[in-house]
>>> print(open('final_23.pdb').read())   # PDB, C-alpha atoms
ATOM      1  CA  MET H   1       0.000   0.000   0.000  1.00  0.00           C
ATOM      2  CA  GLU H   2       1.395   3.371  -0.996  1.00  0.00           C
ATOM      3  CA  GLN H   3       2.287   5.741   1.829  1.00  0.00           C
ATOM      4  CA  GLN H   4      -0.229   8.337   0.614  1.00  0.00           C
ATOM      5  CA  ASN H   5      -3.003   5.726   0.919  1.00  0.00           C
ATOM      6  CA  GLN H   6      -1.641   4.691   4.322  1.00  0.00           C
ATOM      7  CA  GLN H   7      -1.990   8.260   5.560  1.00  0.00           C
ATOM      8  CA  THR H   8      -5.439   8.646   3.996  1.00  0.00           C
ATOM      9  CA  LEU H   9      -6.689   5.432   5.604  1.00  0.00           C
ATOM     10  CA  THR H  10      -5.277   6.377   9.000  1.00  0.00           C
ATOM     11  CA  ASN H  11      -6.807   9.858   8.845  1.00  0.00           C
ATOM     12  CA  LEU H  12     -10.234   8.602   7.750  1.00  0.00           C
ATOM     13  CA  VAL H  13     -10.373   5.971  10.497  1.00  0.00           C
ATOM     14  CA  TYR H  14      -9.249   8.538  13.068  1.00  0.00           C
ATOM     15  CA  ASP H  15     -11.917  10.990  11.866  1.00  0.00           C
ATOM     16  CA  ASN H  16     -14.543   8.273  12.262  1.00  0.00           C
ATOM     17  CA  TYR H  17     -13.265   7.446  15.724  1.00  0.00           C
ATOM     18  CA  GLU H  18     -13.521  11.100  16.740  1.00  0.00           C
ATOM     19  CA  ASP H  19     -16.963  11.626  15.151  1.00  0.00           C
ATOM     20  CA  LEU H  20     -19.093   8.509  14.748  1.00  0.00           C
ATOM     21  CA  ALA H  21     -21.595  10.495  12.660  1.00  0.00           C
ATOM     22  CA  LEU H  22     -19.073  10.302   9.784  1.00  0.00           C
ATOM     23  CA  ILE H  23     -19.131   6.502   9.606  1.00  0.00           C
ATOM     24  CA  GLU H  24     -21.750   6.142   6.888  1.00  0.00           C
ATOM     25  CA  ASP H  25     -20.185   8.796   4.656  1.00  0.00           C
ATOM     26  CA  HIS H  26     -16.625   7.563   5.116  1.00  0.00           C
ATOM     27  CA  GLN H  27     -17.337   3.845   4.847  1.00  0.00           C
ATOM     28  CA  VAL H  28     -17.375   4.026   1.033  1.00  0.00           C
ATOM     29  CA  LEU H  29     -13.968   5.726   1.134  1.00  0.00           C
ATOM     30  CA  ILE H  30     -12.427   3.377   3.692  1.00  0.00           C
ATOM     31  CA  GLN H  31     -13.584  -0.001   2.331  1.00  0.00           C
ATOM     32  CA  PRO H  32     -11.459   0.135  -0.869  1.00  0.00           C
ATOM     33  CA  LEU H  33      -8.437   1.201   1.189  1.00  0.00           C
ATOM     34  CA  LEU H  34      -8.966  -1.736   3.551  1.00  0.00           C
ATOM     35  CA  SER H  35      -9.213  -4.081   0.578  1.00  0.00           C
ATOM     36  CA  ASP H  36      -5.932  -2.657  -0.737  1.00  0.00           C
ATOM     37  CA  LEU H  37      -4.355  -3.072   2.709  1.00  0.00           C
ATOM     38  CA  VAL H  38      -5.202  -6.781   2.766  1.00  0.00           C
ATOM     39  CA  ALA H  39      -4.325  -7.355  -0.904  1.00  0.00           C
ATOM     40  CA  THR H  40      -0.891  -5.742  -0.634  1.00  0.00           C
ATOM     41  CA  ALA H  41       0.122  -7.103   2.781  1.00  0.00           C
ATOM     42  CA  PRO H  42       3.720  -8.329   2.668  1.00  0.00           C
ATOM     43  CA  GLU H  43       4.481 -11.946   3.461  1.00  0.00           C
ATOM     44  CA  GLY H  44       4.123 -12.505   7.183  1.00  0.00           C
ATOM     45  CA  PHE H  45       1.792  -9.540   7.669  1.00  0.00           C
ATOM     46  CA  GLU H  46      -1.337 -10.998   6.055  1.00  0.00           C
ATOM     47  CA  GLY H  47      -2.926 -11.949   9.390  1.00  0.00           C
ATOM     48  CA  MET H  48      -2.347  -8.528  10.890  1.00  0.00           C
ATOM     49  CA  ALA H  49      -3.825  -6.801   7.824  1.00  0.00           C
ATOM     50  CA  THR H  50      -6.871  -9.075   7.997  1.00  0.00           C
ATOM     51  CA  MET H  51      -7.296  -8.366  11.720  1.00  0.00           C
ATOM     52  CA  ILE H  52      -7.160  -4.605  11.080  1.00  0.00           C
ATOM     53  CA  ASN H  53      -9.740  -4.985   8.326  1.00  0.00           C
ATOM     54  CA  THR H  54     -12.004  -6.951  10.667  1.00  0.00           C
ATOM     55  CA  HIS H  55     -11.805  -4.410  13.509  1.00  0.00           C
ATOM     56  CA  ILE H  56     -12.473  -1.403  11.308  1.00  0.00           C
ATOM     57  CA  SER H  57     -15.245  -3.185   9.389  1.00  0.00           C
ATOM     58  CA  ASN H  58     -16.845  -4.141  12.714  1.00  0.00           C
ATOM     59  CA  GLY H  59     -16.866  -0.437  13.567  1.00  0.00           C
ATOM     60  CA  PHE H  60     -19.179   0.025  10.583  1.00  0.00           C
ATOM     61  CA  LYS H  61     -21.265  -3.069  11.255  1.00  0.00           C
ATOM     62  CA  PHE H  62     -22.277  -2.477  14.866  1.00  0.00           C
ATOM     63  CA  LYS H  63     -24.706   0.289  15.822  1.00  0.00           C
ATOM     64  CA  ASN H  64     -23.756   0.616  19.499  1.00  0.00           C
ATOM     65  CA  PRO H  65     -21.464   3.692  19.772  1.00  0.00           C
ATOM     66  CA  LYS H  66     -19.342   2.078  22.512  1.00  0.00           C
ATOM     67  CA  ILE H  67     -18.666  -0.964  20.336  1.00  0.00           C
ATOM     68  CA  GLN H  68     -17.997   1.252  17.326  1.00  0.00           C
ATOM     69  CA  LYS H  69     -15.474   3.283  19.317  1.00  0.00           C
ATOM     70  CA  PHE H  70     -13.799   0.143  20.648  1.00  0.00           C
ATOM     71  CA  GLU H  71     -13.513  -1.479  17.207  1.00  0.00           C
ATOM     72  CA  LEU H  72     -12.253   1.687  15.511  1.00  0.00           C
ATOM     73  CA  GLU H  73      -9.736   2.335  18.276  1.00  0.00           C
ATOM     74  CA  SER H  74      -8.485  -1.260  18.130  1.00  0.00           C
ATOM     75  CA  GLY H  75      -8.165  -1.069  14.362  1.00  0.00           C
ATOM     76  CA  LEU H  76      -6.448   2.307  14.510  1.00  0.00           C
ATOM     77  CA  LEU H  77      -3.858   1.194  17.073  1.00  0.00           C
ATOM     78  CA  LYS H  78      -3.066  -1.936  15.071  1.00  0.00           C
ATOM     79  CA  LEU H  79      -3.019   0.063  11.832  1.00  0.00           C
ATOM     80  CA  LYS H  80      -0.381   2.467  13.131  1.00  0.00           C
ATOM     81  CA  THR H  81       1.783  -0.396  14.402  1.00  0.00           C
ATOM     82  CA  TYR H  82       1.344  -2.276  11.124  1.00  0.00           C
ATOM     83  CA  PHE H  83       2.449   0.686   9.009  1.00  0.00           C
ATOM     84  CA  GLN H  84       5.445   1.331  11.258  1.00  0.00           C
ATOM     85  CA  LYS H  85       6.610  -2.269  10.945  1.00  0.00           C
ATOM     86  CA  VAL H  86       5.940  -2.591   7.221  1.00  0.00           C
ATOM     87  CA  ASN H  87       7.540   0.741   6.346  1.00  0.00           C
ATOM     88  CA  LEU H  88      10.575   0.043   8.529  1.00  0.00           C
ATOM     89  CA  GLN H  89      11.025  -3.410   7.019  1.00  0.00           C
ATOM     90  CA  TYR H  90      10.961  -2.134   3.447  1.00  0.00           C
ATOM     91  CA  GLN H  91      13.150   0.958   3.732  1.00  0.00           C
ATOM     92  CA  PRO H  92      16.126   1.029   1.362  1.00  0.00           C
ATOM     93  CA  LEU H  93      19.518   0.673   3.021  1.00  0.00           C
TER      94      LEU H  93
END
>>> encode(input="final_23.pdb", output="structure tokens")
Amino acid sequence: MEQQNQQTLTNLVYDNYEDLALIEDHQVLIQPLLSDLVATAPEGFEGMATMINTHISNGFKFKNPKIQKFELESGLLKLKTYFQKVNLQYQPL
């Protein structure tokens, strides 16, 4: 996943976490980015990318604001860690 898309995905998920009213509008923007995240996961990171996708998608699926917040926060924390590890691993020497 390109770094520009990484930043876009992170920002959109964070915006949703901060304002749950944005979920419906942003879901159509986030879903393709999540699909790209899973499709482009490097070897060894596929499970983590799938877990992130599941958490963030659950944030859209559930209607209880507490569950939405929990799922989005979990996805966001894992997303940031994932990008740090993937970007560090693939930096040119």
>>> closest_residue(input="final_23.pdb", among="H:Gln3, H:Ser74, H:Gln31, H:Thr50", to="Tyr17 in chain H", atoms="all atoms listed in the file")
H:Ser74
>>> closest_residue(input="final_23.pdb", among="H:Ala21, H:Ile30, H:Ile52, H:Ala39", to="Leu79 in chain H", atoms="only C-alpha atoms")
H:Ile52
>>> closest_residue(input="final_23.pdb", among="H:Ala49, H:Leu88, H:Leu37, H:Ile23", to="Phe62 in chain H", atoms="all atoms listed in the file")
H:Ile23
>>> residues_around(input="final_23.pdb", residues="Asn53 in chain H", least_positions_apart="5", cutoff="12 Å", atoms="only C-alpha atoms", output="CSV table (one decimal) with C-alpha atoms, in the frame of the given file")
chain,number,residue,atom,x,y,z
H,9,LEU,CA,-6.7,5.4,5.6
H,13,VAL,CA,-10.4,6.0,10.5
H,30,ILE,CA,-12.4,3.4,3.7
H,31,GLN,CA,-13.6,0.0,2.3
H,32,PRO,CA,-11.5,0.1,-0.9
H,33,LEU,CA,-8.4,1.2,1.2
H,34,LEU,CA,-9.0,-1.7,3.6
H,35,SER,CA,-9.2,-4.1,0.6
H,36,ASP,CA,-5.9,-2.7,-0.7
H,37,LEU,CA,-4.4,-3.1,2.7
H,38,VAL,CA,-5.2,-6.8,2.8
H,39,ALA,CA,-4.3,-7.4,-0.9
H,41,ALA,CA,0.1,-7.1,2.8
H,46,GLU,CA,-1.3,-11.0,6.1
H,47,GLY,CA,-2.9,-11.9,9.4
H,48,MET,CA,-2.3,-8.5,10.9
H,58,ASN,CA,-16.8,-4.1,12.7
H,59,GLY,CA,-16.9,-0.4,13.6
H,60,PHE,CA,-19.2,0.0,10.6
H,71,GLU,CA,-13.5,-1.5,17.2
H,72,LEU,CA,-12.3,1.7,15.5
H,74,SER,CA,-8.5,-1.3,18.1
H,75,GLY,CA,-8.2,-1.1,14.4
H,76,LEU,CA,-6.4,2.3,14.5
H,78,LYS,CA,-3.1,-1.9,15.1
H,79,LEU,CA,-3.0,0.1,11.8
H,82,TYR,CA,1.3,-2.3,11.1
>>> closest_residue(input="final_23.pdb", among="H:Thr8, H:Leu22, H:Gln89, H:Asn16", to="Phe70 in chain H", atoms="only C-alpha atoms")
H:Asn16
>>> closest_residue(input="final_23.pdb", among="H:Glu73, H:Pro65, H:Gln84, H:Met1", to="Pro42 in chain H", atoms="all atoms listed in the file")
H:Met1
>>> closest_residue(input="final_23.pdb", among="H:Asn87, H:Glu2, H:His26, H:Ser57", to="Phe45 in chain H", atoms="all atoms listed in the file")
H:Asn87
>>> atom_distance(input="final_23.pdb", atom1="CA of Phe83 in chain H", atom2="CA of Lys66 in chain H")
25.7 Å
>>> axis_aligned_box(input="final_23.pdb", around="range 8-17 of chain H", padding_each_side="5 Å", output="JSON")
{"center_x": -9.9, "center_y": 8.2, "center_z": 9.9, "size_x": 19.3, "size_y": 15.6, "size_z": 21.7}
>>> build_atoms(input="final_23.pdb", residues="range 36-47 of chain H", atoms="all heavy atoms", output="PDB file, keeping the file's coordinate frame")
ATOM      1  N   ASP H  36      -7.300  -2.832  -0.259  1.00  0.00           N
ATOM      2  CA  ASP H  36      -5.932  -2.657  -0.737  1.00  0.00           C
ATOM      3  C   ASP H  36      -4.929  -3.059   0.342  1.00  0.00           C
ATOM      4  O   ASP H  36      -3.917  -3.699   0.053  1.00  0.00           O
ATOM      5  CB  ASP H  36      -5.720  -1.199  -1.164  1.00  0.00           C
ATOM      6  CG  ASP H  36      -4.357  -0.946  -1.771  1.00  0.00           C
ATOM      7  OD1 ASP H  36      -3.864  -1.824  -2.512  1.00  0.00           O
ATOM      8  OD2 ASP H  36      -3.786   0.142  -1.523  1.00  0.00           O
ATOM      9  N   LEU H  37      -5.221  -2.714   1.587  1.00  0.00           N
ATOM     10  CA  LEU H  37      -4.355  -3.072   2.709  1.00  0.00           C
ATOM     11  C   LEU H  37      -4.163  -4.584   2.770  1.00  0.00           C
ATOM     12  O   LEU H  37      -3.040  -5.074   2.872  1.00  0.00           O
ATOM     13  CB  LEU H  37      -4.965  -2.560   4.024  1.00  0.00           C
ATOM     14  CG  LEU H  37      -4.243  -2.956   5.310  1.00  0.00           C
ATOM     15  CD1 LEU H  37      -3.017  -2.080   5.507  1.00  0.00           C
ATOM     16  CD2 LEU H  37      -5.168  -2.851   6.494  1.00  0.00           C
ATOM     17  N   VAL H  38      -5.262  -5.318   2.683  1.00  0.00           N
ATOM     18  CA  VAL H  38      -5.202  -6.781   2.766  1.00  0.00           C
ATOM     19  C   VAL H  38      -4.527  -7.356   1.515  1.00  0.00           C
ATOM     20  O   VAL H  38      -3.688  -8.250   1.613  1.00  0.00           O
ATOM     21  CB  VAL H  38      -6.610  -7.373   2.966  1.00  0.00           C
ATOM     22  CG1 VAL H  38      -6.600  -8.887   2.881  1.00  0.00           C
ATOM     23  CG2 VAL H  38      -7.194  -6.927   4.312  1.00  0.00           C
ATOM     24  N   ALA H  39      -4.857  -6.825   0.362  1.00  0.00           N
ATOM     25  CA  ALA H  39      -4.325  -7.355  -0.904  1.00  0.00           C
ATOM     26  C   ALA H  39      -2.822  -7.133  -1.054  1.00  0.00           C
ATOM     27  O   ALA H  39      -2.137  -7.937  -1.691  1.00  0.00           O
ATOM     28  CB  ALA H  39      -5.060  -6.726  -2.079  1.00  0.00           C
ATOM     29  N   THR H  40      -2.311  -6.074  -0.462  1.00  0.00           N
ATOM     30  CA  THR H  40      -0.891  -5.742  -0.634  1.00  0.00           C
ATOM     31  C   THR H  40      -0.045  -6.054   0.599  1.00  0.00           C
ATOM     32  O   THR H  40       1.112  -5.647   0.663  1.00  0.00           O
ATOM     33  CB  THR H  40      -0.724  -4.250  -0.988  1.00  0.00           C
ATOM     34  OG1 THR H  40      -1.242  -3.451   0.085  1.00  0.00           O
ATOM     35  CG2 THR H  40      -1.417  -3.908  -2.295  1.00  0.00           C
ATOM     36  N   ALA H  41      -0.621  -6.773   1.565  1.00  0.00           N
ATOM     37  CA  ALA H  41       0.122  -7.103   2.781  1.00  0.00           C
ATOM     38  C   ALA H  41       1.346  -7.946   2.432  1.00  0.00           C
ATOM     39  O   ALA H  41       1.233  -8.943   1.719  1.00  0.00           O
ATOM     40  CB  ALA H  41      -0.771  -7.856   3.765  1.00  0.00           C
ATOM     41  N   PRO H  42       2.509  -7.537   2.921  1.00  0.00           N
ATOM     42  CA  PRO H  42       3.720  -8.329   2.668  1.00  0.00           C
ATOM     43  C   PRO H  42       3.633  -9.698   3.355  1.00  0.00           C
ATOM     44  O   PRO H  42       2.864  -9.879   4.304  1.00  0.00           O
ATOM     45  CB  PRO H  42       4.837  -7.502   3.300  1.00  0.00           C
ATOM     46  CG  PRO H  42       4.261  -6.176   3.622  1.00  0.00           C
ATOM     47  CD  PRO H  42       2.786  -6.339   3.691  1.00  0.00           C
ATOM     48  N   GLU H  43       4.449 -10.614   2.874  1.00  0.00           N
ATOM     49  CA  GLU H  43       4.481 -11.946   3.461  1.00  0.00           C
ATOM     50  C   GLU H  43       4.771 -11.848   4.960  1.00  0.00           C
ATOM     51  O   GLU H  43       5.672 -11.124   5.383  1.00  0.00           O
ATOM     52  CB  GLU H  43       5.565 -12.779   2.782  1.00  0.00           C
ATOM     53  CG  GLU H  43       5.561 -14.216   3.211  1.00  0.00           C
ATOM     54  CD  GLU H  43       6.580 -15.042   2.439  1.00  0.00           C
ATOM     55  OE1 GLU H  43       6.817 -14.741   1.249  1.00  0.00           O
ATOM     56  OE2 GLU H  43       7.128 -15.973   3.039  1.00  0.00           O
ATOM     57  N   GLY H  44       3.976 -12.532   5.737  1.00  0.00           N
ATOM     58  CA  GLY H  44       4.123 -12.505   7.183  1.00  0.00           C
ATOM     59  C   GLY H  44       3.238 -11.480   7.870  1.00  0.00           C
ATOM     60  O   GLY H  44       3.084 -11.510   9.086  1.00  0.00           O
ATOM     61  N   PHE H  45       2.650 -10.586   7.107  1.00  0.00           N
ATOM     62  CA  PHE H  45       1.792  -9.540   7.669  1.00  0.00           C
ATOM     63  C   PHE H  45       0.324  -9.714   7.274  1.00  0.00           C
ATOM     64  O   PHE H  45      -0.507  -8.876   7.604  1.00  0.00           O
ATOM     65  CB  PHE H  45       2.273  -8.153   7.224  1.00  0.00           C
ATOM     66  CG  PHE H  45       3.551  -7.722   7.863  1.00  0.00           C
ATOM     67  CD1 PHE H  45       4.767  -8.006   7.268  1.00  0.00           C
ATOM     68  CD2 PHE H  45       3.554  -7.027   9.059  1.00  0.00           C
ATOM     69  CE1 PHE H  45       5.958  -7.611   7.848  1.00  0.00           C
ATOM     70  CE2 PHE H  45       4.734  -6.620   9.656  1.00  0.00           C
ATOM     71  CZ  PHE H  45       5.949  -6.921   9.039  1.00  0.00           C
ATOM     72  N   GLU H  46       0.021 -10.797   6.546  1.00  0.00           N
ATOM     73  CA  GLU H  46      -1.337 -10.998   6.055  1.00  0.00           C
ATOM     74  C   GLU H  46      -2.362 -11.082   7.191  1.00  0.00           C
ATOM     75  O   GLU H  46      -3.438 -10.497   7.111  1.00  0.00           O
ATOM     76  CB  GLU H  46      -1.441 -12.274   5.205  1.00  0.00           C
ATOM     77  CG  GLU H  46      -0.502 -12.332   4.037  1.00  0.00           C
ATOM     78  CD  GLU H  46       0.813 -13.054   4.342  1.00  0.00           C
ATOM     79  OE1 GLU H  46       1.534 -12.626   5.275  1.00  0.00           O
ATOM     80  OE2 GLU H  46       1.123 -14.021   3.650  1.00  0.00           O
ATOM     81  N   GLY H  47      -2.012 -11.795   8.254  1.00  0.00           N
ATOM     82  CA  GLY H  47      -2.926 -11.949   9.390  1.00  0.00           C
ATOM     83  C   GLY H  47      -3.202 -10.634  10.088  1.00  0.00           C
ATOM     84  O   GLY H  47      -4.332 -10.349  10.472  1.00  0.00           O
TER      85      GLY H  47
END
